[in-house]
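J.: The structure that follows is given in the form of structure tokens.
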Amino acid sequence: MSQDAKLMCAIILFIIPTIEFGGHFLLRYMQGKYKHLALTPFQQRMFKSGHSHAGVFTIMALICQLLVDHAGYGDSVSWFLRIGFIASAILISGGFFFGAMGPGRTTTNRWIGLLSVSIFLVTTCLITLGVGLIRA
């Protein structure tokens, strides 16, 4: 494993407790511990989606750090991929969370656009990494 992959994996491992904290918050909310928040059903669904996507995309980012080492790209493309994968995890969860913020919200706000940015970024990274792995 390269030093770059080790560094990014360490950073990602430090990010995972924030996802755990989010899951703990959601669990306690569903148990009725935060009744004062009065989230709408829409907000509850969006927050659950943000939490689950954060977990899946973060694990994917962790795995892809190892794959980037074998794609045969130079430093600039490799770093774009390394950062792009974890950035997409942050952006997609942010799109769900911020897109549903606000008292009594039942539809998305302008922050939902982060989902489109994240989808474009992760798709670009996945295709680039796949091409690199086939060519290497």
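Letters A, B, ... go to the chains of the structure tokens in the order shown; residues in each chain start at 1; ligands are counted from 1 in the same order.
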List as a ChimeraX atom specification the protein and nucleic acid residues near range 51-68 of chain A, meaning an atom at most 8 Å away when only C-alpha atoms are counted, but skip any in the same chain fewer than 2 places from it.
T.: /A:1,5,8-9,12,16,19,22-23,47-49,70-73,78,81-82,85-86,88-90,92-93,129,133
J.: Find the spatial neighbours of Arg45 in chain A, counting only C-alpha atoms, within a cut-off of 12 Å - ignore same-chain residues fewer than 4 positions away - and output them as a list in words.
T.: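 In the requested format, the answer is Leu26, Met30, Leu39, Thr40, Pro41, Ser49, Gly50, His51, Ser52, Phe96, Phe97, Gly99, Ala100, Arg105, Thr106, Thr107 and Thr108 of chain A.
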J.: I need the residues of chain A that end up classed as helix (DSSP H, G or I) by DSSP on the backbone, written out as number ranges by chain.
T.: A: 3-30, 35-37, 41-68, 75-99, 110-135
J.: Write out as number ranges by chain each polymer residue whose atoms come within 9 Å of Phe98 in chain A, counting only C-alpha atoms; drop sequence neighbours fewer than 5 positions from it.
T.: A: 93, 108-112, 114
J.: Keeping only C-alpha atoms, write the selected residues to a file as a PDB file, in the first residue's frame.
T.:
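Final file, result.pdb:
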```pdb
ATOM      1  CA  SER A  93     -24.802  12.990   2.574  1.00  0.00           C
ATOM      2  CA  THR A 108     -36.267  19.841  -0.777  1.00  0.00           C
ATOM      3  CA  ASN A 109     -34.510  23.189  -0.809  1.00  0.00           C
ATOM      4  CA  ARG A 110     -31.677  24.412  -3.055  1.00  0.00           C
ATOM      5  CA  TRP A 111     -29.059  22.317  -1.222  1.00  0.00           C
ATOM      6  CA  ILE A 112     -30.417  19.205  -2.942  1.00  0.00           C
ATOM      7  CA  LEU A 114     -25.267  18.710  -3.902  1.00  0.00           C
TER       8      LEU A 114
END
```
J.: Please provide the set of residues having any atom within 10 Å of Gly84 in chain A, restricted to only C-alpha atoms, with same-chain residues fewer than 6 positions apart removed, written as a VMD selection string.
T.: chain A and resid 61 78 90 118 121 to 126
J.: Generate a file of the selected residues that holds C-alpha atoms, formatted as a PDB file, in the first residue's frame.
T.:
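Below you can see again.pdb, which holds the result:
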```
ATOM      1  CA  ALA A  61     -13.898   5.480  -0.845  1.00  0.00           C
ATOM      2  CA  SER A  78      -4.435   9.640  -8.472  1.00  0.00           C
ATOM      3  CA  ILE A  90     -19.442  14.045   2.018  1.00  0.00           C
ATOM      4  CA  SER A 118     -21.843  14.172  -5.945  1.00  0.00           C
ATOM      5  CA  LEU A 121     -18.098  13.350  -9.179  1.00  0.00           C
ATOM      6  CA  VAL A 122     -18.429   9.724  -8.077  1.00  0.00           C
ATOM      7  CA  THR A 123     -19.357   8.593 -11.593  1.00  0.00           C
ATOM      8  CA  THR A 124     -16.323  10.385 -13.027  1.00  0.00           C
ATOM      9  CA  CYS A 125     -14.077   8.809 -10.396  1.00  0.00           C
ATOM     10  CA  LEU A 126     -15.513   5.325 -10.883  1.00  0.00           C
TER      11      LEU A 126
END
```
